Structures are given as C-alpha cells and as structure tokens.
Amino acid sequence: MAVPAISTAADLVKVPLLYKGKVRELYDLGEHYLIVVTDRISAFDYVLDPAVPDKGNVLNRLSAFWFDKTKHLLENHVIHTDVDWLGDVIPAEHREALRNRIMVTRKAERIDIECVVRGYVTGGGWRQYEKTGAINGIQLPEGLRKNAKLAEPIFTPAAKNDVGHDEDISFAEMVDKVGQELAEQLRDRSLEMYAFARDYCEERGILLADCKLEFGLVDGKLIVIDEMFTPDASRFWAKENYELDIEIDSMDKEPVRTYLAGSEWDKQSQPDPLPAQVVEETTRRYREIYRRLTGAELA
C-alpha cells in the first residue's frame, strides 16, 4: 500500500534549502548535499496536483540501485541513503516520512550538459529525424520508421537551461562549451553506461529506448550525479508492447500525459487536480518498473 505522498520536505529538514526543482529538493549539509526526492509530478512544464504516492520512493531507490550497479564504470556522488544517519538534520518524528527518499552526496561542480543516449528513433529524436534525416546533427540512414532500433546507440547532448527547455546541440557545439577532452569523456562514459543498463534491462523484458545522464566534477575528476536510469530520466518500454509506427505506452507517468492530452486543458495555465484513478495508476506504474528492474517489491 502506498504511503502518504510527500510534496515538500521544507518543514521536515532542519538545514537550508538551496534549490527546489520540479521533483528534487537540495539542502546544504556543509561538506555534503542532502537531496530529498519528493512525490511531485510534472508534465508539459507544470508541476501538478496532487503528488503521486511512492513516486519519490521509487526514484530515489532506483537511482541508488543504479549508482551501485555502475560504480565499476564510473564513480558517482553518493555518500549514503540512510535517513537515520542524519541525526538532528531530520528530527526523529519525520524520519519515516522521508525514509527511502533521501540521498547524501558529494558536492560536485555540475557540468551544464544533459547527456542523452538514444538506442531507438522515438520521441524528440523521431521528430528531428522526420524533418532533417538527422538527430542533433548526426545523419541517420534513410527510411527509418518510428521506434526503429538504431544499429548503434547515439549520443545527442543538450545544453542545460535552468529556465525553459534544454537545448539540443551537436557534439561540435558541446566541444565549444566544455572542451574536446571533457566532451569525449562525457560521450564515452554515457554510451558505456547506456550499454550496461540496456543489457541489464533486456534480460528483464524491458527495452531502454533512451536516457539522460548528468555529470559533475569533484577535484577535477568526472563523476555521475543527480539521478540515473529512473522512469523520470529514461524511456522504458515493456518488450511485449514494442511496435513500429505507434506511440508506445512507456513505463512511467504515461497515464498523466494521456489524461492531460485528452482533457480540455489549454496547456497555458495550471491544470485542474488529477483524478484519483490517474494518480493511482501512476503509482502502480512506478512500483511496477521498480519491481521489474530490481526483482523486489517496493516495501
């Protein structure tokens, strides 16, 4: 059974709030950061009501799962995920509410590039390909169909914008922003991690269509930060649902997007609260992808 949703931790955490994103909140622990993953959900650039129970629980635990799985490929920012180790930072009466939703991390200098890897021609990549025959300047074979698997995954970065949408850029433009050596590191590590996760997912009946990764520097050393291979940062398809030329029902917040797309919402104002059945189905989706990826039920 889902626990009550957490929309914010601001009243539960006794250290300064540095940044509030659509889902994550970043707090200052001095030497380290405290990341709290809430149950807030966004779509079409709006944070929606109500929050989705267990969503933050799934996102944080899956990130921790993948950070551990990939640490042999590249170091990451995780120090620990145990709410009981935080002492007075989170008073005892609030710890159960935040259990499985926190991550204490190293303070990294964020690299303002979203590292996107695509294994299939879908989503925004498909829209680019339809118009130009290329994705982020990478020319692809003619005649590819929507959702087609690429012969080899491609690296399609985006420049991060704290306001508005991230901007798709070519690798050459990325080199101009961060330099040749770092750009090659980011590309190579991203492709390596995607390949690892793709193979792991396929063994469990899931196709990893694409993903986005974020990296930072600690004492000049590249590490992985933020989240990793979660439903909010990856496009997962159940193998049994895979088809060409359709909109594949992805294993994430698709019930929310479908509901909003079919409603009379104008996409120019805050939408009405989500119906209870949409929230319940979205919780079920997040719990199911956790079960299929880890082999464990969400406690």
# chains A, B, ... in the order shown; residues from 1 in each chain; ligands from 1
>>> residues_around(residues="Phe155 in chain A", least_positions_apart="5", cutoff="9 Å", atoms="only C-alpha atoms", output="number ranges by chain")
A: 115-118, 136, 138, 171, 187-188, 190-191
>>> residues_around(residues="Glu192 in chain A", least_positions_apart="5", cutoff="12 Å", atoms="only C-alpha atoms", output="mmCIF file with C-alpha atoms, in the first residue's frame")
data_model
loop_
_atom_site.group_PDB
_atom_site.id
_atom_site.type_symbol
_atom_site.label_atom_id
_atom_site.label_comp_id
_atom_site.auth_asym_id
_atom_site.auth_seq_id
_atom_site.Cartn_x
_atom_site.Cartn_y
_atom_site.Cartn_z
ATOM 1 C CA THR A 70 27.516 1.161 -12.317
ATOM 2 C CA HIS A 72 32.682 -0.068 -11.561
ATOM 3 C CA LEU A 73 32.220 2.037 -14.704
ATOM 4 C CA LEU A 74 32.477 5.476 -13.098
ATOM 5 C CA CYS A 115 23.973 13.685 -21.730
ATOM 6 C CA VAL A 117 21.816 8.499 -25.325
ATOM 7 C CA GLU A 152 24.393 1.602 -32.651
ATOM 8 C CA PRO A 153 23.248 3.955 -29.873
ATOM 9 C CA ILE A 154 23.921 7.647 -30.500
ATOM 10 C CA PHE A 155 24.969 10.424 -28.125
ATOM 11 C CA GLN A 185 34.762 11.741 -21.747
ATOM 12 C CA LEU A 186 31.087 12.620 -21.348
ATOM 13 C CA ARG A 187 30.160 10.958 -24.643
ATOM 14 C CA ALA A 197 21.808 -0.596 -18.444
ATOM 15 C CA ARG A 198 20.294 -1.603 -21.804
ATOM 16 C CA ASP A 199 21.647 -5.130 -21.495
ATOM 17 C CA LEU A 213 22.581 11.340 -17.544
#
>>> closest_residue(among="A:Met174, A:Leu182, A:Ala108, A:Ala148", to="Ala209 in chain A", atoms="only C-alpha atoms")
A:Ala148
>>> residues_around(residues="range 12-28 of chain A", least_positions_apart="4", cutoff="10 Å", atoms="only C-alpha atoms", output="MDAnalysis selection string")
chainID A and resid 7:8 32:43 45:48 51 55:56 59:60 86 88:95 97:98 101:104 107 162 226:227 232
>>> closest_residue(among="A:Asp49, A:Glu31, A:Arg106, A:Leu217", to="Asp272 in chain A", atoms="only C-alpha atoms")
A:Asp49
>>> closest_residue(among="A:Thr132, A:Ala5, A:Ile289, A:Leu222", to="Pro50 in chain A", atoms="only C-alpha atoms")
A:Ala5
>>> residues_around(residues="Pro4 in chain A", least_positions_apart="6", cutoff="9 Å", atoms="only C-alpha atoms", output="list in words")
Val52, Pro53, Asp54 and Ala97 of chain A
>>> write_last_selection(atoms="C-alpha atoms", output="PDB file, in the first residue's frame")
ATOM      1  CA  VAL A  52       1.833  10.772  -6.573  1.00  0.00           C
ATOM      2  CA  PRO A  53       2.369   8.453  -3.578  1.00  0.00           C
ATOM      3  CA  ASP A  54       5.580   6.359  -3.698  1.00  0.00           C
ATOM      4  CA  ALA A  97       8.133  10.129   6.124  1.00  0.00           C
TER       5      ALA A  97
END
>>> select_by_dssp(residues="range 24-220 of chain A", states="strand (DSSP E or B)", output="number ranges by chain")
A: 24-28, 32-37, 41-43, 46-48, 76, 78-80, 102-106, 109-110, 113-120, 134-135, 138-139, 149-155, 158-159, 167-168, 206-218
>>> write_last_selection(atoms="C-alpha atoms", output="PDB file, in the first residue's frame")
ATOM      1  CA  ARG A  24      14.017  17.173  -6.102  1.00  0.00           C
ATOM      2  CA  GLU A  25      14.984  19.480  -3.264  1.00  0.00           C
ATOM      3  CA  LEU A  26      18.628  20.224  -2.497  1.00  0.00           C
ATOM      4  CA  TYR A  27      19.707  21.040   1.060  1.00  0.00           C
ATOM      5  CA  ASP A  28      23.065  22.188   2.391  1.00  0.00           C
ATOM      6  CA  HIS A  32      27.816  17.481   1.506  1.00  0.00           C
ATOM      7  CA  TYR A  33      24.413  17.957  -0.096  1.00  0.00           C
ATOM      8  CA  LEU A  34      21.182  16.363   1.045  1.00  0.00           C
ATOM      9  CA  ILE A  35      18.839  15.507  -1.820  1.00  0.00           C
ATOM     10  CA  VAL A  36      15.215  14.789  -0.973  1.00  0.00           C
ATOM     11  CA  VAL A  37      13.121  13.233  -3.732  1.00  0.00           C
ATOM     12  CA  ILE A  41       4.952  15.121 -10.646  1.00  0.00           C
ATOM     13  CA  SER A  42       5.287  17.385 -13.656  1.00  0.00           C
ATOM     14  CA  ALA A  43       4.088  17.293 -17.233  1.00  0.00           C
ATOM     15  CA  TYR A  46       3.734  22.271 -14.990  1.00  0.00           C
ATOM     16  CA  VAL A  47       4.020  20.745 -11.525  1.00  0.00           C
ATOM     17  CA  LEU A  48       0.705  19.009 -10.975  1.00  0.00           C
ATOM     18  CA  ASN A  76      29.199   8.732  -8.524  1.00  0.00           C
ATOM     19  CA  VAL A  78      26.514   9.016  -3.392  1.00  0.00           C
ATOM     20  CA  ILE A  79      27.718   9.070   0.224  1.00  0.00           C
ATOM     21  CA  HIS A  80      24.747   7.225   1.752  1.00  0.00           C
ATOM     22  CA  ILE A 102      16.976  10.909   0.740  1.00  0.00           C
ATOM     23  CA  MET A 103      20.480  10.794  -0.663  1.00  0.00           C
ATOM     24  CA  VAL A 104      23.562  12.417   0.897  1.00  0.00           C
ATOM     25  CA  THR A 105      26.012  13.276  -1.841  1.00  0.00           C
ATOM     26  CA  ARG A 106      29.361  14.828  -2.566  1.00  0.00           C
ATOM     27  CA  GLU A 109      30.591  21.141  -9.853  1.00  0.00           C
ATOM     28  CA  ARG A 110      27.718  20.398 -12.229  1.00  0.00           C
ATOM     29  CA  ILE A 113      25.236  19.377 -20.352  1.00  0.00           C
ATOM     30  CA  GLU A 114      22.421  16.855 -20.349  1.00  0.00           C
ATOM     31  CA  CYS A 115      23.973  13.685 -21.730  1.00  0.00           C
ATOM     32  CA  VAL A 116      21.310  11.921 -23.776  1.00  0.00           C
ATOM     33  CA  VAL A 117      21.816   8.499 -25.325  1.00  0.00           C
ATOM     34  CA  ARG A 118      19.285   7.136 -27.820  1.00  0.00           C
ATOM     35  CA  GLY A 119      19.028   3.489 -28.788  1.00  0.00           C
ATOM     36  CA  TYR A 120      15.796   3.926 -30.761  1.00  0.00           C
ATOM     37  CA  ALA A 134      19.377  13.569 -38.587  1.00  0.00           C
ATOM     38  CA  ILE A 135      19.333  13.798 -34.791  1.00  0.00           C
ATOM     39  CA  ILE A 138      24.052  13.001 -36.667  1.00  0.00           C
ATOM     40  CA  GLN A 139      22.939  11.853 -40.115  1.00  0.00           C
ATOM     41  CA  LYS A 149      16.199   0.350 -33.144  1.00  0.00           C
ATOM     42  CA  LEU A 150      19.423   2.041 -34.207  1.00  0.00           C
ATOM     43  CA  ALA A 151      22.333  -0.085 -35.388  1.00  0.00           C
ATOM     44  CA  GLU A 152      24.393   1.602 -32.651  1.00  0.00           C
ATOM     45  CA  PRO A 153      23.248   3.955 -29.873  1.00  0.00           C
ATOM     46  CA  ILE A 154      23.921   7.647 -30.500  1.00  0.00           C
ATOM     47  CA  PHE A 155      24.969  10.424 -28.125  1.00  0.00           C
ATOM     48  CA  ALA A 158      21.561  19.104 -24.730  1.00  0.00           C
ATOM     49  CA  ALA A 159      22.706  22.341 -23.119  1.00  0.00           C
ATOM     50  CA  GLU A 167      18.561  22.995 -25.993  1.00  0.00           C
ATOM     51  CA  ASP A 168      19.571  20.134 -28.297  1.00  0.00           C
ATOM     52  CA  ILE A 206      12.418  -4.149 -20.730  1.00  0.00           C
ATOM     53  CA  LEU A 207      13.755  -2.034 -23.598  1.00  0.00           C
ATOM     54  CA  LEU A 208      15.734   1.061 -22.605  1.00  0.00           C
ATOM     55  CA  ALA A 209      14.822   3.315 -25.520  1.00  0.00           C
ATOM     56  CA  ASP A 210      16.813   6.334 -24.357  1.00  0.00           C
ATOM     57  CA  CYS A 211      18.140   8.001 -21.242  1.00  0.00           C
ATOM     58  CA  LYS A 212      19.632  11.194 -19.911  1.00  0.00           C
ATOM     59  CA  LEU A 213      22.581  11.340 -17.544  1.00  0.00           C
ATOM     60  CA  GLU A 214      24.215  14.182 -15.666  1.00  0.00           C
ATOM     61  CA  PHE A 215      27.830  14.523 -14.626  1.00  0.00           C
ATOM     62  CA  GLY A 216      29.913  16.733 -12.378  1.00  0.00           C
ATOM     63  CA  LEU A 217      33.485  17.312 -11.334  1.00  0.00           C
ATOM     64  CA  VAL A 218      34.983  16.736  -7.882  1.00  0.00           C
TER      65      VAL A 218
END
>>> atom_distance(atom1="CA of Lys239 in chain A", atom2="CA of Met251 in chain A")
10.9 Å
>>> closest_residue(among="A:Leu274, A:Leu260, A:Leu298, A:Val279", to="Phe44 in chain A", atoms="only C-alpha atoms")
A:Leu260
>>> atom_distance(atom1="CA of Gln270 in chain A", atom2="CA of Val256 in chain A")
14.2 Å
>>> closest_residue(among="A:Gly262, A:Pro255, A:Gly205, A:Pro273", to="Arg292 in chain A", atoms="only C-alpha atoms")
A:Gly205
